[in-house]
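Below is the file coords.pdb, which contains PDB, C-alpha atoms and all ligand atoms.
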ATOM      1  CA  MET A   1     -39.300 145.232-154.712
ATOM      2  CA  GLY A   2     -39.382 146.283-151.071
ATOM      3  CA  ALA A   3     -41.919 147.973-148.824
ATOM      4  CA  PRO A   4     -41.944 151.744-148.371
ATOM      5  CA  ALA A   5     -40.228 152.645-145.095
ATOM      6  CA  THR A   6     -38.326 155.379-143.349
ATOM      7  CA  VAL A   7     -34.918 154.480-141.944
ATOM      8  CA  ARG A   8     -32.434 156.502-139.916
ATOM      9  CA  GLY A   9     -29.242 156.021-137.989
ATOM     10  CA  TRP A  10     -29.009 155.331-134.266
ATOM     11  CA  GLY A  11     -28.177 158.987-133.669
ATOM     12  CA  GLY A  12     -31.749 159.846-134.618
ATOM     13  CA  GLY A  13     -30.945 162.069-137.575
ATOM     14  CA  SER A  14     -33.496 162.837-140.220
ATOM     15  CA  GLY A  15     -34.781 159.648-141.763
ATOM     16  CA  VAL A  16     -34.919 158.892-145.446
ATOM     17  CA  SER A  17     -37.611 157.166-147.461
ATOM     18  CA  VAL A  18     -36.484 153.849-148.890
ATOM     19  CA  ARG A  19     -37.781 150.549-150.156
ATOM     20  CA  LEU A  20     -36.993 148.024-147.461
ATOM     21  CA  VAL A  21     -36.613 144.291-147.903
ATOM     22  CA  ARG A  22     -35.665 141.826-145.167
ATOM     23  CA  PRO A  23     -34.724 138.448-146.675
ATOM     24  CA  ARG A  24     -35.476 135.439-144.488
ATOM     25  CA  GLY A  25     -33.188 133.092-146.372
ATOM     26  CA  LEU A  26     -30.592 132.936-149.115
ATOM     27  CA  ASP A  27     -33.160 132.553-151.901
ATOM     28  CA  GLU A  28     -34.851 135.783-150.879
ATOM     29  CA  LEU A  29     -31.455 137.435-150.536
ATOM     30  CA  HIS A  30     -30.533 136.391-154.062
ATOM     31  CA  ARG A  31     -33.811 137.846-155.330
ATOM     32  CA  ALA A  32     -33.105 141.120-153.496
ATOM     33  CA  LEU A  33     -29.603 141.282-154.956
ATOM     34  CA  ALA A  34     -30.980 140.662-158.439
ATOM     35  CA  ALA A  35     -33.490 143.496-157.900
ATOM     36  CA  ALA A  36     -30.662 145.724-156.689
ATOM     37  CA  ARG A  37     -28.707 144.908-159.803
ATOM     38  CA  SER A  38     -31.474 146.028-162.099
ATOM     39  CA  SER A  39     -32.454 149.144-160.143
ATOM     40  CA  GLY A  40     -30.646 152.324-159.201
ATOM     41  CA  GLY A  41     -28.727 150.836-156.334
ATOM     42  CA  ALA A  42     -28.993 149.294-152.921
ATOM     43  CA  ILE A  43     -27.363 149.265-149.534
ATOM     44  CA  ALA A  44     -27.232 146.564-146.890
ATOM     45  CA  ARG A  45     -28.401 147.222-143.364
ATOM     46  CA  GLY A  46     -27.943 145.345-140.115
ATOM     47  CA  LEU A  47     -29.512 146.473-136.851
ATOM     48  CA  GLY A  48     -29.104 150.170-137.687
ATOM     49  CA  ARG A  49     -26.747 150.853-134.751
ATOM     50  CA  SER A  50     -24.531 153.096-136.852
ATOM     51  CA  TYR A  51     -24.929 156.592-135.465
ATOM     52  CA  GLY A  52     -25.082 158.291-138.856
ATOM     53  CA  ASP A  53     -26.298 157.468-142.322
ATOM     54  CA  ALA A  54     -24.066 154.475-143.081
ATOM     55  CA  ALA A  55     -26.973 152.072-143.593
ATOM     56  CA  GLN A  56     -29.450 154.092-145.596
ATOM     57  CA  LEU A  57     -29.823 155.148-149.217
ATOM     58  CA  SER A  58     -32.496 157.708-149.992
ATOM     59  CA  GLY A  59     -35.087 156.516-152.478
ATOM     60  CA  GLU A  60     -33.376 153.209-153.067
ATOM     61  CA  LEU A  61     -33.499 149.608-151.924
ATOM     62  CA  VAL A  62     -32.278 148.819-148.414
ATOM     63  CA  ILE A  63     -31.524 145.137-147.871
ATOM     64  CA  ASP A  64     -31.888 144.411-144.181
ATOM     65  CA  THR A  65     -29.875 141.240-143.567
ATOM     66  CA  SER A  66     -30.710 140.969-139.856
ATOM     67  CA  GLY A  67     -33.002 138.021-140.607
ATOM     68  CA  LEU A  68     -30.062 135.837-141.696
ATOM     69  CA  THR A  69     -28.923 134.685-138.296
ATOM     70  CA  GLY A  70     -27.381 131.233-138.624
ATOM     71  CA  PHE A  71     -23.905 130.482-137.313
ATOM     72  CA  GLU A  72     -21.729 127.504-136.508
ATOM     73  CA  LEU A  73     -18.740 127.114-134.214
ATOM     74  CA  ASP A  74     -15.923 124.772-135.259
ATOM     75  CA  GLU A  75     -13.994 124.299-132.030
ATOM     76  CA  ASN A  76     -11.258 122.256-133.686
ATOM     77  CA  ARG A  77     -10.398 125.028-136.097
ATOM     78  CA  GLY A  78     -11.327 127.877-133.758
ATOM     79  CA  THR A  79     -13.628 129.414-136.331
ATOM     80  CA  VAL A  80     -17.192 130.627-136.463
ATOM     81  CA  THR A  81     -19.051 130.655-139.750
ATOM     82  CA  ALA A  82     -21.864 133.149-139.445
ATOM     83  CA  GLN A  83     -24.542 134.607-141.657
ATOM     84  CA  ALA A  84     -24.576 138.366-142.033
ATOM     85  CA  GLY A  85     -27.349 139.009-139.524
ATOM     86  CA  ALA A  86     -26.115 136.927-136.597
ATOM     87  CA  THR A  87     -25.721 139.347-133.722
ATOM     88  CA  LEU A  88     -22.823 139.617-131.327
ATOM     89  CA  ARG A  89     -25.339 138.977-128.550
ATOM     90  CA  GLU A  90     -26.229 135.620-130.123
ATOM     91  CA  LEU A  91     -22.593 134.734-130.749
ATOM     92  CA  LEU A  92     -21.504 135.649-127.229
ATOM     93  CA  ALA A  93     -24.366 133.655-125.676
ATOM     94  CA  ALA A  94     -23.176 130.558-127.530
ATOM     95  CA  LEU A  95     -19.413 131.074-127.437
ATOM     96  CA  VAL A  96     -18.606 132.447-123.999
ATOM     97  CA  PRO A  97     -19.917 129.420-122.016
ATOM     98  CA  ARG A  98     -17.603 127.289-124.165
ATOM     99  CA  GLY A  99     -14.609 129.498-123.409
ATOM    100  CA  TRP A 100     -14.491 131.347-126.729
ATOM    101  CA  MET A 101     -14.678 135.044-127.459
ATOM    102  CA  VAL A 102     -15.106 137.094-130.614
ATOM    103  CA  PRO A 103     -12.078 139.207-131.637
ATOM    104  CA  VAL A 104     -13.634 142.521-130.638
ATOM    105  CA  VAL A 105     -16.874 143.801-129.160
ATOM    106  CA  PRO A 106     -18.209 147.354-129.339
ATOM    107  CA  GLY A 107     -20.189 149.143-126.641
ATOM    108  CA  THR A 108     -23.358 147.299-127.584
ATOM    109  CA  GLN A 109     -23.955 143.650-128.362
ATOM    110  CA  HIS A 110     -26.910 144.549-130.589
ATOM    111  CA  VAL A 111     -24.929 144.687-133.834
ATOM    112  CA  THR A 112     -24.749 142.162-136.614
ATOM    113  CA  VAL A 113     -21.618 140.354-137.753
ATOM    114  CA  ALA A 114     -21.844 142.086-141.144
ATOM    115  CA  GLY A 115     -22.330 145.488-139.503
ATOM    116  CA  ALA A 116     -19.324 144.820-137.275
ATOM    117  CA  ILE A 117     -17.151 143.925-140.256
ATOM    118  CA  ALA A 118     -18.376 146.750-142.472
ATOM    119  CA  GLY A 119     -17.964 149.234-139.633
ATOM    120  CA  ASP A 120     -14.525 147.835-138.732
ATOM    121  CA  ILE A 121     -15.592 148.053-135.124
ATOM    122  CA  HIS A 122     -13.167 148.742-132.328
ATOM    123  CA  GLY A 123     -13.731 148.440-128.640
ATOM    124  CA  LYS A 124     -13.673 146.177-125.692
ATOM    125  CA  ASN A 125     -11.423 143.310-126.646
ATOM    126  CA  GLN A 126     -11.271 139.840-125.166
ATOM    127  CA  ALA A 127      -9.961 139.111-121.695
ATOM    128  CA  SER A 128      -6.458 137.658-121.831
ATOM    129  CA  ARG A 129      -7.409 134.190-120.579
ATOM    130  CA  ALA A 130     -10.278 133.554-122.953
ATOM    131  CA  ARG A 131      -9.591 131.775-126.218
ATOM    132  CA  SER A 132     -10.019 134.301-128.940
ATOM    133  CA  GLY A 133     -11.775 133.428-132.152
ATOM    134  CA  PRO A 134     -10.206 134.278-135.492
ATOM    135  CA  THR A 135     -10.017 137.753-136.922
ATOM    136  CA  TRP A 136     -13.111 138.692-138.911
ATOM    137  CA  ARG A 137     -13.176 137.396-142.453
ATOM    138  CA  ARG A 138     -15.595 138.722-144.989
ATOM    139  CA  SER A 139     -18.009 136.744-147.105
ATOM    140  CA  ALA A 140     -19.413 138.913-149.813
ATOM    141  CA  CYS A 141     -22.859 139.067-151.362
ATOM    142  CA  SER A 142     -22.454 141.169-154.453
ATOM    143  CA  PRO A 143     -25.231 143.106-156.173
ATOM    144  CA  ARG A 144     -23.162 142.861-159.358
ATOM    145  CA  THR A 145     -23.179 139.081-159.472
ATOM    146  CA  ALA A 146     -26.224 138.423-157.255
ATOM    147  CA  ARG A 147     -24.205 135.675-155.612
ATOM    148  CA  CYS A 148     -22.834 135.099-152.127
ATOM    149  CA  GLY A 149     -19.528 133.457-151.394
ATOM    150  CA  SER A 150     -16.273 133.778-149.480
TER     151      SER A 150
HETATM  152  C1  LIG B 201     -24.714 152.071-127.848
HETATM  153  C2  LIG B 201     -23.707 151.919-128.977
HETATM  154  C3  LIG B 201     -22.393 151.690-128.681
HETATM  155  C4  LIG B 201     -21.440 151.512-129.707
HETATM  156  N1  LIG B 201     -20.147 151.293-129.372
HETATM  157  C5  LIG B 201     -19.215 151.135-130.353
HETATM  158  C6  LIG B 201     -17.842 150.878-130.040
HETATM  159  O1  LIG B 201     -17.441 150.812-128.882
HETATM  160  N2  LIG B 201     -16.986 150.685-131.076
HETATM  161  C7  LIG B 201     -17.391 150.724-132.386
HETATM  162  O2  LIG B 201     -16.571 150.523-133.280
HETATM  163  N3  LIG B 201     -18.681 150.971-132.703
HETATM  164  C8  LIG B 201     -19.593 151.183-131.718
HETATM  165  N4  LIG B 201     -20.902 151.404-132.058
HETATM  166  C9  LIG B 201     -21.261 151.467-133.467
HETATM  167  C10 LIG B 201     -21.639 150.071-134.043
HETATM  168  O3  LIG B 201     -20.823 149.067-133.497
HETATM  169  C11 LIG B 201     -21.414 150.084-135.551
HETATM  170  O4  LIG B 201     -22.046 151.191-136.139
HETATM  171  C12 LIG B 201     -21.877 148.811-136.258
HETATM  172  O5  LIG B 201     -21.436 148.866-137.607
HETATM  173  C13 LIG B 201     -23.401 148.654-136.218
HETATM  174  O6  LIG B 201     -23.752 147.375-136.730
HETATM  175  P1  LIG B 201     -25.217 147.106-137.312
HETATM  176  O7  LIG B 201     -25.401 145.632-137.443
HETATM  177  O8  LIG B 201     -26.232 147.843-136.508
HETATM  178  O9  LIG B 201     -25.061 147.719-138.763
HETATM  179  P2  LIG B 201     -25.802 148.970-139.472
HETATM  180  O10 LIG B 201     -25.685 150.187-138.611
HETATM  181  O11 LIG B 201     -27.164 148.575-139.882
HETATM  182  O12 LIG B 201     -24.864 149.117-140.763
HETATM  183  C14 LIG B 201     -23.505 149.507-140.578
HETATM  184  C15 LIG B 201     -22.734 149.347-141.894
HETATM  185  O13 LIG B 201     -22.669 147.969-142.212
HETATM  186  C16 LIG B 201     -23.125 147.750-143.539
HETATM  187  N5  LIG B 201     -23.764 146.427-143.587
HETATM  188  C17 LIG B 201     -24.721 145.945-142.757
HETATM  189  N6  LIG B 201     -25.068 144.694-143.122
HETATM  190  C18 LIG B 201     -24.310 144.373-144.209
HETATM  191  C19 LIG B 201     -24.216 143.239-145.060
HETATM  192  N7  LIG B 201     -24.992 142.160-144.868
HETATM  193  N8  LIG B 201     -23.315 143.249-146.081
HETATM  194  C20 LIG B 201     -22.521 144.357-146.278
HETATM  195  N9  LIG B 201     -22.570 145.481-145.516
HETATM  196  C21 LIG B 201     -23.453 145.483-144.483
HETATM  197  C22 LIG B 201     -24.111 148.889-143.790
HETATM  198  O14 LIG B 201     -24.275 149.150-145.184
HETATM  199  C23 LIG B 201     -23.424 150.053-143.072
HETATM  200  O15 LIG B 201     -22.443 150.638-143.897
HETATM  201  C24 LIG B 201     -21.857 151.577-131.065
HETATM  202  C25 LIG B 201     -23.206 151.793-131.367
HETATM  203  C26 LIG B 201     -24.138 151.961-130.344
HETATM  204  C27 LIG B 201     -25.585 152.201-130.695
END
Would you mind writing the file out in structure tokens?
Ligand SMILES: Cc1cc2nc3c(=O)[nH]c(=O)nc-3n(C[C@H](O)[C@H](O)[C@H](O)COP(=O)(O)OP(=O)(O)OC[C@H]3O[C@@H](n4cnc5c(N)ncnc54)[C@H](O)[C@@H]3O)c2cc1C
Amino acid sequence: MGAPATVRGWGGGSGVSVRLVRPRGLDELHRALAAARSSGGAIARGLGRSYGDAAQLSGELVIDTSGLTGFELDENRGTVTAQAGATLRELLAALVPRGWMVPVVPGTQHVTVAGAIAGDIHGKNQASRARSGPTWRRSACSPRTARCGS
């Protein structure tokens, strides 16, 4: 599974050859996870804004989850439920006009929610008067079980 591709980090280091798959929905993601389970290994990838090699795995499957972009704001609970590939740019465009802010933003808005969580990003936190959203909570998609859930 996956198309031959070369991926590298944002810092422009030497790329590695991988098999790249970009699921467009949960069914395709489940198929990719099942393939990962039966092959040598896999790594997830967001928008590749990591400077180094955090989102690449030479010769193996790279599951690019940037196509999974859905999210939903629950204003009563002050929570956002987002798919892995929703970007901070997309979240901010929807949340800020409503007076909400994500817990932390890095120096670029072109990162995915999953990349932000996995990278434990730090940075330019919310202004004091904005209503902050919750701290990040993970929802795992495991290659071992080929299932997603909180
Ligand atoms: C201009 C610029 C400014 C930046 N400023 C800051 C800053 O101020 N503070 C800061 O902390 N960082 C900063 N960064 C770094 C960036 O925020 C992080 O590297 C972030 O993790 C990138 O997110 P991404 O979606 O591009 O993920 P990727 O780079 O694609 O992947 C990052 C990690 O997330 C994992 N991952 C991705 N998707 C999933 C998934 N679906 N499930 C599980 N794991 C997943 C990958 O395996 C990898 O380990 C900056 C980067 C740039 C280019």
Can you work out the spacing between atom CA of A:Leu26 and atom CA of A:Thr81 in Å, to one decimal? 15.0 Å
Ligand LIG 201 (chain B): axis-aligned bounding box, 4 Å on each side, centre and edge lengths in Å, one decimal, as AutoDock Vina command-line options:
--center_x -21.9 --center_y 147.2 --center_z -137.1 --size_x 18.6 --size_y 18.0 --size_z 26.4
I'd like the residues picked by the PyMOL selection byres (((chain A and resi 44) around 8) and not hetatm) written out as a ChimeraX atom specification, using the chain letters and numbers from the file. /A:42-43,45-46,55-56,62-65
Selected residue, from A:Ser17, A:Ser38, A:Thr6, A:Thr79, that lies nearest to A:Gly59 when counting only C-alpha atoms: A:Ser17
Using all atoms listed in the file, I'd like a table of the residues in chain A that come within 6 Å of ligand LIG 201 (chain B); for each, show the closest atom pair and its distance in Å rounded to one decimal, ordered by chain and ascending number, as a Markdown table.
| residue | atom | partner | partner_atom | distance |
| --- | --- | --- | --- | --- |
| A:Trp10 | CA | B:LIG201 | C27 | 5.9 |
| A:Ile43 | CA | B:LIG201 | O14 | 5.3 |
| A:Ala44 | CA | B:LIG201 | O14 | 4.3 |
| A:Arg45 | CA | B:LIG201 | O11 | 3.9 |
| A:Gly46 | CA | B:LIG201 | O11 | 3.3 |
| A:Leu47 | CA | B:LIG201 | O8 | 3.6 |
| A:Gly48 | CA | B:LIG201 | O11 | 3.3 |
| A:Arg49 | CA | B:LIG201 | O8 | 3.5 |
| A:Ser50 | CA | B:LIG201 | O4 | 3.2 |
| A:Ala54 | CA | B:LIG201 | O15 | 4.2 |
| A:Ala55 | CA | B:LIG201 | C23 | 4.1 |
| A:Thr65 | CA | B:LIG201 | N7 | 5.1 |
| A:Ala84 | CA | B:LIG201 | N7 | 4.8 |
| A:Pro106 | CA | B:LIG201 | O1 | 3.6 |
| A:Gly107 | CA | B:LIG201 | N1 | 3.5 |
| A:Thr108 | CA | B:LIG201 | C3 | 4.6 |
| A:Val111 | CA | B:LIG201 | O7 | 3.8 |
| A:Thr112 | CA | B:LIG201 | O7 | 3.6 |
| A:Ala114 | CA | B:LIG201 | C18 | 4.6 |
| A:Gly115 | CA | B:LIG201 | O9 | 3.6 |
| A:Ala116 | CA | B:LIG201 | O5 | 4.6 |
| A:Ala118 | CA | B:LIG201 | O13 | 4.5 |
| A:Gly119 | CA | B:LIG201 | O5 | 4.0 |
| A:Ile121 | CA | B:LIG201 | O2 | 3.2 |
| A:His122 | CA | B:LIG201 | O2 | 4.0 |
| A:Gly123 | CA | B:LIG201 | O1 | 4.4 |
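Here atom CA of A:Met101 stands at a distance of 17.9 Å from atom CA of A:Gly85.
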Nearest to A:Arg22, restricted to all atoms listed in the file and choosing among A:Glu60, A:Leu68, A:Tyr51, A:Val7, comes out as A:Leu68
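Distance-wise, atom CA of A:Leu73 and atom CA of A:Val102 end up 11.2 Å apart.
Minimum distance to A:Pro4 across A:Asn76, A:Thr87, A:Ser66, A:Ser58 (counting only C-alpha atoms) occurs at A:Ser58.
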Give me the residues near A:Ser39 as a list in words, where near means some atom within 10 Å (using all atoms listed in the file) and where sequence neighbours in that chain fewer than 6 positions away do not count. Met1, Leu33, Glu60 and Leu61 of chain A
Given the choices A:Pro97, A:Gly67, A:Gly9, A:Gly78, which gets closest to A:Arg24 if the distance is worked out from all atoms listed in the file? A:Gly67
Selection under test: the PyMOL selection byres (((chain A and resi 95) around 12) and not hetatm); residues as an mmCIF file with C-alpha atoms, in the frame of the given file:
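selection_29.cif, written as the output of this step:
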data_model
loop_
_atom_site.group_PDB
_atom_site.id
_atom_site.type_symbol
_atom_site.label_atom_id
_atom_site.label_comp_id
_atom_site.auth_asym_id
_atom_site.auth_seq_id
_atom_site.Cartn_x
_atom_site.Cartn_y
_atom_site.Cartn_z
ATOM 1 C CA PHE A 71 -23.905 130.482 -137.313
ATOM 2 C CA GLU A 72 -21.729 127.504 -136.508
ATOM 3 C CA LEU A 73 -18.740 127.114 -134.214
ATOM 4 C CA ASP A 74 -15.923 124.772 -135.259
ATOM 5 C CA GLU A 75 -13.994 124.299 -132.030
ATOM 6 C CA GLY A 78 -11.327 127.877 -133.758
ATOM 7 C CA THR A 79 -13.628 129.414 -136.331
ATOM 8 C CA VAL A 80 -17.192 130.627 -136.463
ATOM 9 C CA LEU A 88 -22.823 139.617 -131.327
ATOM 10 C CA ARG A 89 -25.339 138.977 -128.550
ATOM 11 C CA GLU A 90 -26.229 135.620 -130.123
ATOM 12 C CA LEU A 91 -22.593 134.734 -130.749
ATOM 13 C CA LEU A 92 -21.504 135.649 -127.229
ATOM 14 C CA ALA A 93 -24.366 133.655 -125.676
ATOM 15 C CA ALA A 94 -23.176 130.558 -127.530
ATOM 16 C CA VAL A 96 -18.606 132.447 -123.999
ATOM 17 C CA PRO A 97 -19.917 129.420 -122.016
ATOM 18 C CA ARG A 98 -17.603 127.289 -124.165
ATOM 19 C CA GLY A 99 -14.609 129.498 -123.409
ATOM 20 C CA TRP A 100 -14.491 131.347 -126.729
ATOM 21 C CA MET A 101 -14.678 135.044 -127.459
ATOM 22 C CA VAL A 102 -15.106 137.094 -130.614
ATOM 23 C CA PRO A 103 -12.078 139.207 -131.637
ATOM 24 C CA ALA A 130 -10.278 133.554 -122.953
ATOM 25 C CA ARG A 131 -9.591 131.775 -126.218
ATOM 26 C CA SER A 132 -10.019 134.301 -128.940
ATOM 27 C CA GLY A 133 -11.775 133.428 -132.152
#
Enumerate, as a PyMOL selection string, the residues matched when the PyMOL selection byres (((chain A and resi 3) around 6) and not hetatm) is run on the file above. chain A and resi 2+4+19-20
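Proximity of A:His30, A:Leu57, A:Gly70, A:Ala35 to A:Gly15, computed with all atoms listed in the file, is greatest for A:Leu57.
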Complete the atoms of stretch 11-27 of chain A to N, CA and C atoms and put them out as a compact mmCIF listing (two decimals), keeping the file's coordinate frame.
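File written: part.txt
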# COMPACT_ATOMS: atom_id res chain seq x y z
N GLY A 11 -28.26 157.64 -134.22
CA GLY A 11 -28.18 158.99 -133.67
C GLY A 11 -29.47 159.77 -133.81
N GLY A 12 -30.43 159.22 -134.54
CA GLY A 12 -31.75 159.85 -134.62
C GLY A 12 -31.82 160.98 -135.62
N GLY A 13 -30.91 161.03 -136.55
CA GLY A 13 -30.94 162.07 -137.57
C GLY A 13 -32.18 161.93 -138.46
N SER A 14 -32.30 162.87 -139.37
CA SER A 14 -33.50 162.84 -140.22
C SER A 14 -33.50 161.55 -141.03
N GLY A 15 -34.65 160.91 -141.05
CA GLY A 15 -34.78 159.65 -141.76
C GLY A 15 -34.92 159.88 -143.26
N VAL A 16 -34.71 158.81 -144.00
CA VAL A 16 -34.92 158.89 -145.45
C VAL A 16 -35.92 157.81 -145.87
N SER A 17 -36.63 158.12 -146.93
CA SER A 17 -37.61 157.17 -147.46
C SER A 17 -36.88 156.17 -148.36
N VAL A 18 -37.16 154.91 -148.13
CA VAL A 18 -36.48 153.85 -148.89
C VAL A 18 -37.50 152.76 -149.23
N ARG A 19 -37.04 151.80 -150.00
CA ARG A 19 -37.78 150.55 -150.16
C ARG A 19 -37.01 149.51 -149.37
N LEU A 20 -37.68 148.90 -148.41
CA LEU A 20 -36.99 148.02 -147.46
C LEU A 20 -37.37 146.56 -147.70
N VAL A 21 -36.35 145.72 -147.78
CA VAL A 21 -36.61 144.29 -147.90
C VAL A 21 -35.77 143.57 -146.86
N ARG A 22 -36.38 142.56 -146.22
CA ARG A 22 -35.66 141.83 -145.17
C ARG A 22 -35.71 140.34 -145.50
N PRO A 23 -34.72 139.86 -146.27
CA PRO A 23 -34.72 138.45 -146.68
C PRO A 23 -34.69 137.52 -145.47
N ARG A 24 -35.46 136.43 -145.58
CA ARG A 24 -35.48 135.44 -144.49
C ARG A 24 -34.63 134.22 -144.81
N GLY A 25 -34.03 134.21 -145.97
CA GLY A 25 -33.19 133.09 -146.37
C GLY A 25 -32.38 133.49 -147.59
N LEU A 26 -31.49 132.59 -148.02
CA LEU A 26 -30.59 132.94 -149.12
C LEU A 26 -31.32 133.13 -150.44
N ASP A 27 -32.42 132.37 -150.65
CA ASP A 27 -33.16 132.55 -151.90
C ASP A 27 -33.70 133.98 -151.99
